[in-house]
Amino acid sequence: MPQTAPAIILASGSAVRANLMRGAHIPFEIVPADIDESILKRELEASPAAEEEHGAGPAIASALARAKAEIVSATHPDALVIGADQVMTLGKTCYDKPKDMKEARTRLQQFRGKPHLLHGGVALAQGGQTIWDFYQPSHLTMRNFSDAFLDHYLETAGEDILKSVGAYQLESIGAQLFEKIDSDYFSILGLPLLPLMAELRRVGALVE
């Protein structure tokens, strides 16, 4: 990598995103963005974007990714700051991370046997401004699993699933929830890694 390559910052406290970047041997620091996501989500859910085919999911994921990157970039202007977000929709309804295991169970029962979408947004900011962003939809269909499997899944996975908007961990036992997946693996985990690395190479932050 060139000596003049800018520092890379991940504006997220997500352990999964950090592990993806470490696995790809991307040098980076972690500076979680301090942002009230609920305000932006409410605004977009009340906007014309909510009337689109998949509701406000795409707009929310993209807007939050940009906002996180720009907030951290404002205090680290010379660095390349990565912001990312993920929103799940069933029809036009948007879902946040489940608050507790009871809500996780209810959500998995609701999604059982149905297709849904994960909307992934990633953005790169420098000098307080977004210089690149990318949106990746992921199409997933849960299988019609039994209540016995659901009990086993919740007991085995534990409260770590509350960190996932879908209450599943595709990299672990959560893979058993699905019948079909049509997307990029990294995007489902929360970071469209391949297009992000392509852009980091383009701007000279990674070796071409």
# chains A, B, ... in the order shown; residues from 1 in each chain; ligands from 1

call {"tool": "residues_around", "arguments": {"residues": "Ile39 in chain A", "least_positions_apart": "5", "cutoff": "12 Å", "atoms": "only C-alpha atoms", "output": "list in words"}}
result
Leu44, Glu45, Ala46, Ile60, Ala63, Leu64 and Ala67 of chain A

call {"tool": "write_last_selection", "arguments": {"atoms": "N, CA, C and O atoms", "output": "PDB file, in the first residue's frame"}}
result
ATOM      1  N   LEU A  44     -38.236   9.151   7.041  1.00  0.00           N
ATOM      2  CA  LEU A  44     -38.307   8.445   5.764  1.00  0.00           C
ATOM      3  C   LEU A  44     -39.529   7.544   5.665  1.00  0.00           C
ATOM      4  O   LEU A  44     -40.090   7.360   4.581  1.00  0.00           O
ATOM      5  N   GLU A  45     -39.951   6.980   6.785  1.00  0.00           N
ATOM      6  CA  GLU A  45     -41.155   6.144   6.765  1.00  0.00           C
ATOM      7  C   GLU A  45     -42.411   6.972   6.521  1.00  0.00           C
ATOM      8  O   GLU A  45     -43.436   6.441   6.088  1.00  0.00           O
ATOM      9  N   ALA A  46     -42.314   8.273   6.782  1.00  0.00           N
ATOM     10  CA  ALA A  46     -43.447   9.167   6.524  1.00  0.00           C
ATOM     11  C   ALA A  46     -43.312   9.898   5.196  1.00  0.00           C
ATOM     12  O   ALA A  46     -44.171  10.708   4.839  1.00  0.00           O
ATOM     13  N   ILE A  60     -33.841   4.198   3.734  1.00  0.00           N
ATOM     14  CA  ILE A  60     -33.325   4.239   5.106  1.00  0.00           C
ATOM     15  C   ILE A  60     -31.911   3.688   5.169  1.00  0.00           C
ATOM     16  O   ILE A  60     -31.015   4.289   5.781  1.00  0.00           O
ATOM     17  N   ALA A  63     -29.510   6.187   3.476  1.00  0.00           N
ATOM     18  CA  ALA A  63     -29.390   7.451   4.205  1.00  0.00           C
ATOM     19  C   ALA A  63     -28.615   7.280   5.508  1.00  0.00           C
ATOM     20  O   ALA A  63     -27.786   8.126   5.867  1.00  0.00           O
ATOM     21  N   LEU A  64     -28.864   6.195   6.217  1.00  0.00           N
ATOM     22  CA  LEU A  64     -28.156   5.965   7.470  1.00  0.00           C
ATOM     23  C   LEU A  64     -26.678   5.667   7.236  1.00  0.00           C
ATOM     24  O   LEU A  64     -25.821   6.096   8.012  1.00  0.00           O
ATOM     25  N   ALA A  67     -25.145   9.030   6.596  1.00  0.00           N
ATOM     26  CA  ALA A  67     -25.135   9.861   7.806  1.00  0.00           C
ATOM     27  C   ALA A  67     -24.049   9.410   8.782  1.00  0.00           C
ATOM     28  O   ALA A  67     -23.327  10.238   9.356  1.00  0.00           O
TER      29      ALA A  67
END

call {"tool": "residues_around", "arguments": {"residues": "Phe145 in chain A", "least_positions_apart": "5", "cutoff": "8 Å", "atoms": "only C-alpha atoms", "output": "list in words"}}
result
Arg112, Gly113, Leu150 and Leu177 of chain A

call {"tool": "write_last_selection", "arguments": {"atoms": "N, CA and C atoms", "output": "PDB file, in the first residue's frame"}}
result
ATOM      1  N   ARG A 112     -41.488 -17.085   8.766  1.00  0.00           N
ATOM      2  CA  ARG A 112     -41.360 -18.497   8.410  1.00  0.00           C
ATOM      3  C   ARG A 112     -42.094 -18.822   7.108  1.00  0.00           C
ATOM      4  N   GLY A 113     -41.369 -19.435   6.168  1.00  0.00           N
ATOM      5  CA  GLY A 113     -41.969 -19.829   4.893  1.00  0.00           C
ATOM      6  C   GLY A 113     -42.188 -18.695   3.920  1.00  0.00           C
ATOM      7  N   LEU A 150     -37.434 -24.111  15.887  1.00  0.00           N
ATOM      8  CA  LEU A 150     -37.363 -22.725  16.362  1.00  0.00           C
ATOM      9  C   LEU A 150     -36.903 -22.684  17.811  1.00  0.00           C
ATOM     10  N   LEU A 177     -32.127 -21.785   8.894  1.00  0.00           N
ATOM     11  CA  LEU A 177     -33.452 -21.167   8.797  1.00  0.00           C
ATOM     12  C   LEU A 177     -33.928 -21.038   7.357  1.00  0.00           C
TER      13      LEU A 177
END

call {"tool": "select_by_dssp", "arguments": {"residues": "range 108-197 of chain A", "states": "alpha helix (DSSP H)", "output": "mmCIF file with all heavy atoms, in the first residue's frame"}}
result
data_model
loop_
_atom_site.group_PDB
_atom_site.id
_atom_site.type_symbol
_atom_site.label_atom_id
_atom_site.label_comp_id
_atom_site.auth_asym_id
_atom_site.auth_seq_id
_atom_site.Cartn_x
_atom_site.Cartn_y
_atom_site.Cartn_z
ATOM 1 N N LEU A 108 -39.525 -14.419 13.806
ATOM 2 C CA LEU A 108 -39.166 -15.604 13.036
ATOM 3 C C LEU A 108 -40.403 -16.419 12.666
ATOM 4 O O LEU A 108 -40.479 -16.979 11.572
ATOM 5 C CB LEU A 108 -38.171 -16.455 13.824
ATOM 6 C CG LEU A 108 -36.769 -15.830 13.955
ATOM 7 C CD1 LEU A 108 -35.936 -16.594 14.977
ATOM 8 C CD2 LEU A 108 -36.061 -15.796 12.611
ATOM 9 N N GLN A 109 -41.383 -16.454 13.554
ATOM 10 C CA GLN A 109 -42.639 -17.125 13.227
ATOM 11 C C GLN A 109 -43.356 -16.401 12.096
ATOM 12 O O GLN A 109 -43.931 -17.018 11.203
ATOM 13 C CB GLN A 109 -43.532 -17.186 14.465
ATOM 14 C CG GLN A 109 -43.054 -18.161 15.528
ATOM 15 C CD GLN A 109 -43.857 -18.057 16.811
ATOM 16 O OE1 GLN A 109 -44.348 -16.986 17.188
ATOM 17 N NE2 GLN A 109 -43.999 -19.176 17.516
ATOM 18 N N GLN A 110 -43.296 -15.077 12.122
ATOM 19 C CA GLN A 110 -43.961 -14.270 11.092
ATOM 20 C C GLN A 110 -43.292 -14.434 9.726
ATOM 21 O O GLN A 110 -43.964 -14.450 8.692
ATOM 22 C CB GLN A 110 -43.929 -12.794 11.503
ATOM 23 C CG GLN A 110 -44.620 -11.865 10.535
ATOM 24 C CD GLN A 110 -44.546 -10.413 10.982
ATOM 25 O OE1 GLN A 110 -43.900 -10.088 11.984
ATOM 26 N NE2 GLN A 110 -45.199 -9.537 10.244
ATOM 27 N N PHE A 111 -41.967 -14.589 9.715
ATOM 28 C CA PHE A 111 -41.218 -14.680 8.465
ATOM 29 C C PHE A 111 -41.105 -16.117 7.945
ATOM 30 O O PHE A 111 -40.690 -16.335 6.806
ATOM 31 C CB PHE A 111 -39.812 -14.103 8.653
ATOM 32 C CG PHE A 111 -39.765 -12.601 8.563
ATOM 33 C CD1 PHE A 111 -40.468 -11.807 9.455
ATOM 34 C CD2 PHE A 111 -39.018 -11.973 7.591
ATOM 35 C CE1 PHE A 111 -40.428 -10.423 9.380
ATOM 36 C CE2 PHE A 111 -38.967 -10.592 7.495
ATOM 37 C CZ PHE A 111 -39.670 -9.814 8.396
ATOM 38 N N ASP A 147 -41.825 -25.711 14.944
ATOM 39 C CA ASP A 147 -41.685 -25.030 16.234
ATOM 40 C C ASP A 147 -40.551 -25.655 17.042
ATOM 41 O O ASP A 147 -39.861 -24.954 17.796
ATOM 42 C CB ASP A 147 -42.990 -25.109 17.028
ATOM 43 C CG ASP A 147 -44.073 -24.207 16.456
ATOM 44 O OD1 ASP A 147 -43.735 -23.239 15.733
ATOM 45 O OD2 ASP A 147 -45.260 -24.457 16.734
ATOM 46 N N ALA A 148 -40.360 -26.965 16.884
ATOM 47 C CA ALA A 148 -39.282 -27.639 17.610
ATOM 48 C C ALA A 148 -37.922 -27.100 17.163
ATOM 49 O O ALA A 148 -37.031 -26.870 17.998
ATOM 50 C CB ALA A 148 -39.349 -29.147 17.374
ATOM 51 N N PHE A 149 -37.760 -26.872 15.845
ATOM 52 C CA PHE A 149 -36.493 -26.299 15.386
ATOM 53 C C PHE A 149 -36.347 -24.874 15.884
ATOM 54 O O PHE A 149 -35.249 -24.453 16.269
ATOM 55 C CB PHE A 149 -36.375 -26.315 13.862
ATOM 56 C CG PHE A 149 -35.132 -25.596 13.402
ATOM 57 C CD1 PHE A 149 -33.896 -26.221 13.482
ATOM 58 C CD2 PHE A 149 -35.192 -24.285 12.951
ATOM 59 C CE1 PHE A 149 -32.734 -25.550 13.115
ATOM 60 C CE2 PHE A 149 -34.039 -23.608 12.578
ATOM 61 C CZ PHE A 149 -32.810 -24.247 12.664
ATOM 62 N N LEU A 150 -37.434 -24.111 15.887
ATOM 63 C CA LEU A 150 -37.363 -22.725 16.362
ATOM 64 C C LEU A 150 -36.903 -22.684 17.811
ATOM 65 O O LEU A 150 -36.044 -21.869 18.185
ATOM 66 C CB LEU A 150 -38.727 -22.043 16.205
ATOM 67 C CG LEU A 150 -38.824 -20.592 16.687
ATOM 68 C CD1 LEU A 150 -37.787 -19.722 15.985
ATOM 69 C CD2 LEU A 150 -40.235 -20.053 16.452
ATOM 70 N N ASP A 151 -37.436 -23.567 18.639
ATOM 71 C CA ASP A 151 -37.003 -23.642 20.039
ATOM 72 C C ASP A 151 -35.508 -23.957 20.123
ATOM 73 O O ASP A 151 -34.765 -23.337 20.899
ATOM 74 C CB ASP A 151 -37.790 -24.719 20.789
ATOM 75 C CG ASP A 151 -39.257 -24.360 20.976
ATOM 76 O OD1 ASP A 151 -39.589 -23.159 20.890
ATOM 77 O OD2 ASP A 151 -40.071 -25.278 21.211
ATOM 78 N N HIS A 152 -35.080 -24.933 19.316
ATOM 79 C CA HIS A 152 -33.671 -25.337 19.300
ATOM 80 C C HIS A 152 -32.786 -24.186 18.835
ATOM 81 O O HIS A 152 -31.713 -23.934 19.414
ATOM 82 C CB HIS A 152 -33.507 -26.543 18.369
ATOM 83 C CG HIS A 152 -32.083 -26.912 18.096
ATOM 84 N ND1 HIS A 152 -31.223 -27.381 19.070
ATOM 85 C CD2 HIS A 152 -31.360 -26.874 16.934
ATOM 86 C CE1 HIS A 152 -30.038 -27.615 18.529
ATOM 87 N NE2 HIS A 152 -30.100 -27.314 17.243
ATOM 88 N N TYR A 153 -33.229 -23.492 17.799
ATOM 89 C CA TYR A 153 -32.457 -22.373 17.255
ATOM 90 C C TYR A 153 -32.277 -21.275 18.300
ATOM 91 O O TYR A 153 -31.152 -20.795 18.526
ATOM 92 C CB TYR A 153 -33.154 -21.814 16.020
ATOM 93 C CG TYR A 153 -32.561 -20.507 15.552
ATOM 94 C CD1 TYR A 153 -31.310 -20.470 14.944
ATOM 95 C CD2 TYR A 153 -33.235 -19.304 15.749
ATOM 96 C CE1 TYR A 153 -30.755 -19.273 14.532
ATOM 97 C CE2 TYR A 153 -32.680 -18.103 15.342
ATOM 98 C CZ TYR A 153 -31.441 -18.092 14.737
ATOM 99 O OH TYR A 153 -30.886 -16.901 14.348
ATOM 100 N N LEU A 154 -33.368 -20.872 18.931
ATOM 101 C CA LEU A 154 -33.295 -19.780 19.907
ATOM 102 C C LEU A 154 -32.421 -20.157 21.098
ATOM 103 O O LEU A 154 -31.645 -19.333 21.603
ATOM 104 C CB LEU A 154 -34.700 -19.406 20.374
ATOM 105 C CG LEU A 154 -35.602 -18.774 19.301
ATOM 106 C CD1 LEU A 154 -37.021 -18.636 19.823
ATOM 107 C CD2 LEU A 154 -35.065 -17.416 18.871
ATOM 108 N N GLU A 155 -32.514 -21.402 21.536
ATOM 109 C CA GLU A 155 -31.718 -21.853 22.673
ATOM 110 C C GLU A 155 -30.235 -21.911 22.305
ATOM 111 O O GLU A 155 -29.364 -21.529 23.091
ATOM 112 C CB GLU A 155 -32.189 -23.231 23.135
ATOM 113 C CG GLU A 155 -31.406 -23.762 24.333
ATOM 114 C CD GLU A 155 -31.898 -25.123 24.787
ATOM 115 O OE1 GLU A 155 -32.924 -25.614 24.262
ATOM 116 O OE2 GLU A 155 -31.256 -25.700 25.688
ATOM 117 N N THR A 156 -29.948 -22.371 21.088
ATOM 118 C CA THR A 156 -28.563 -22.525 20.656
ATOM 119 C C THR A 156 -27.913 -21.181 20.332
ATOM 120 O O THR A 156 -26.775 -20.908 20.742
ATOM 121 C CB THR A 156 -28.483 -23.429 19.409
ATOM 122 O OG1 THR A 156 -29.074 -24.687 19.711
ATOM 123 C CG2 THR A 156 -27.036 -23.632 18.967
ATOM 124 N N ALA A 157 -28.614 -20.345 19.600
ATOM 125 C CA ALA A 157 -28.048 -19.062 19.165
ATOM 126 C C ALA A 157 -27.970 -18.056 20.302
ATOM 127 O O ALA A 157 -27.032 -17.265 20.380
ATOM 128 C CB ALA A 157 -28.867 -18.496 18.011
ATOM 129 N N TYR A 185 -23.016 -12.956 0.055
ATOM 130 C CA TYR A 185 -22.885 -13.388 1.446
ATOM 131 C C TYR A 185 -22.471 -12.240 2.373
ATOM 132 O O TYR A 185 -23.048 -12.046 3.446
ATOM 133 C CB TYR A 185 -21.864 -14.522 1.521
ATOM 134 C CG TYR A 185 -21.551 -15.026 2.908
ATOM 135 C CD1 TYR A 185 -22.467 -15.801 3.613
ATOM 136 C CD2 TYR A 185 -20.326 -14.745 3.504
ATOM 137 C CE1 TYR A 185 -22.177 -16.280 4.883
ATOM 138 C CE2 TYR A 185 -20.029 -15.222 4.765
ATOM 139 C CZ TYR A 185 -20.947 -15.987 5.459
ATOM 140 O OH TYR A 185 -20.653 -16.454 6.703
ATOM 141 N N PHE A 186 -21.481 -11.456 1.955
ATOM 142 C CA PHE A 186 -20.996 -10.365 2.792
ATOM 143 C C PHE A 186 -22.093 -9.319 3.031
ATOM 144 O O PHE A 186 -22.215 -8.773 4.132
ATOM 145 C CB PHE A 186 -19.784 -9.688 2.151
ATOM 146 C CG PHE A 186 -18.640 -10.620 1.893
ATOM 147 C CD1 PHE A 186 -18.207 -10.856 0.599
ATOM 148 C CD2 PHE A 186 -17.988 -11.265 2.930
ATOM 149 C CE1 PHE A 186 -17.146 -11.706 0.345
ATOM 150 C CE2 PHE A 186 -16.921 -12.117 2.694
ATOM 151 C CZ PHE A 186 -16.502 -12.339 1.392
ATOM 152 N N SER A 187 -22.884 -9.050 2.002
ATOM 153 C CA SER A 187 -23.956 -8.059 2.140
ATOM 154 C C SER A 187 -24.990 -8.503 3.154
ATOM 155 O O SER A 187 -25.507 -7.694 3.936
ATOM 156 C CB SER A 187 -24.619 -7.804 0.784
ATOM 157 O OG SER A 187 -23.698 -7.257 -0.134
ATOM 158 N N ILE A 188 -25.313 -9.793 3.162
ATOM 159 C CA ILE A 188 -26.281 -10.309 4.119
ATOM 160 C C ILE A 188 -25.761 -10.131 5.541
ATOM 161 O O ILE A 188 -26.518 -9.817 6.461
ATOM 162 C CB ILE A 188 -26.603 -11.785 3.838
ATOM 163 C CG1 ILE A 188 -27.315 -11.916 2.489
ATOM 164 C CG2 ILE A 188 -27.482 -12.379 4.939
ATOM 165 C CD1 ILE A 188 -27.510 -13.346 2.045
ATOM 166 N N LEU A 189 -24.451 -10.294 5.716
ATOM 167 C CA LEU A 189 -23.872 -10.125 7.049
ATOM 168 C C LEU A 189 -23.782 -8.657 7.462
ATOM 169 O O LEU A 189 -23.512 -8.362 8.621
ATOM 170 C CB LEU A 189 -22.488 -10.765 7.104
ATOM 171 C CG LEU A 189 -22.444 -12.289 6.958
ATOM 172 C CD1 LEU A 189 -21.034 -12.790 7.206
ATOM 173 C CD2 LEU A 189 -23.409 -12.973 7.908
ATOM 174 N N LEU A 193 -18.933 -5.988 0.934
ATOM 175 C CA LEU A 193 -17.479 -5.906 1.019
ATOM 176 C C LEU A 193 -16.797 -5.780 -0.339
ATOM 177 O O LEU A 193 -15.831 -5.017 -0.496
ATOM 178 C CB LEU A 193 -16.951 -7.141 1.759
ATOM 179 C CG LEU A 193 -15.473 -7.142 2.148
ATOM 180 C CD1 LEU A 193 -15.152 -5.976 3.067
ATOM 181 C CD2 LEU A 193 -15.121 -8.469 2.833
ATOM 182 N N LEU A 194 -17.268 -6.511 -1.347
ATOM 183 C CA LEU A 194 -16.582 -6.497 -2.641
ATOM 184 C C LEU A 194 -16.638 -5.135 -3.321
ATOM 185 O O LEU A 194 -15.598 -4.621 -3.763
ATOM 186 C CB LEU A 194 -17.129 -7.605 -3.544
ATOM 187 C CG LEU A 194 -16.951 -9.030 -3.001
ATOM 188 C CD1 LEU A 194 -17.480 -10.046 -4.009
ATOM 189 C CD2 LEU A 194 -15.497 -9.318 -2.670
ATOM 190 N N PRO A 195 -17.807 -4.491 -3.455
ATOM 191 C CA PRO A 195 -17.811 -3.151 -4.038
ATOM 192 C C PRO A 195 -17.070 -2.134 -3.177
ATOM 193 O O PRO A 195 -16.457 -1.199 -3.699
ATOM 194 C CB PRO A 195 -19.297 -2.804 -4.173
ATOM 195 C CG PRO A 195 -20.013 -3.756 -3.299
ATOM 196 C CD PRO A 195 -19.193 -4.988 -3.236
ATOM 197 N N LEU A 196 -17.112 -2.316 -1.850
ATOM 198 C CA LEU A 196 -16.375 -1.404 -0.973
ATOM 199 C C LEU A 196 -14.876 -1.511 -1.225
ATOM 200 O O LEU A 196 -14.176 -0.495 -1.351
ATOM 201 C CB LEU A 196 -16.689 -1.727 0.491
ATOM 202 C CG LEU A 196 -15.847 -0.972 1.532
ATOM 203 C CD1 LEU A 196 -16.053 0.530 1.420
ATOM 204 C CD2 LEU A 196 -16.179 -1.462 2.943
ATOM 205 N N MET A 197 -14.354 -2.723 -1.322
ATOM 206 C CA MET A 197 -12.929 -2.884 -1.570
ATOM 207 C C MET A 197 -12.541 -2.347 -2.944
ATOM 208 O O MET A 197 -11.450 -1.780 -3.107
ATOM 209 C CB MET A 197 -12.533 -4.353 -1.435
ATOM 210 C CG MET A 197 -12.575 -4.862 -0.002
ATOM 211 S SD MET A 197 -11.813 -6.490 0.207
ATOM 212 C CE MET A 197 -12.895 -7.518 -0.801
#

call {"tool": "atom_distance", "arguments": {"atom1": "CA of Val122 in chain A", "atom2": "CA of Lys68 in chain A"}}
result
9.6 Å

call {"tool": "atom_distance", "arguments": {"atom1": "CA of Ala79 in chain A", "atom2": "CA of Ala24 in chain A"}}
result
19.1 Å

call {"tool": "residues_around", "arguments": {"residues": "Val31 in chain A", "least_positions_apart": "3", "cutoff": "10 Å", "atoms": "only C-alpha atoms", "output": "MDAnalysis selection string"}}
result
chainID A and resid 9:13 28 34 69 72:73 76 81:82

call {"tool": "closest_residue", "arguments": {"among": "A:Gly174, A:Ser14, A:Ile71, A:Tyr135", "to": "Ala59 in chain A", "atoms": "only C-alpha atoms"}}
result
A:Tyr135

call {"tool": "closest_residue", "arguments": {"among": "A:Arg107, A:Asp96, A:Ala123, A:Thr130", "to": "Ala74 in chain A", "atoms": "only C-alpha atoms"}}
result
A:Thr130
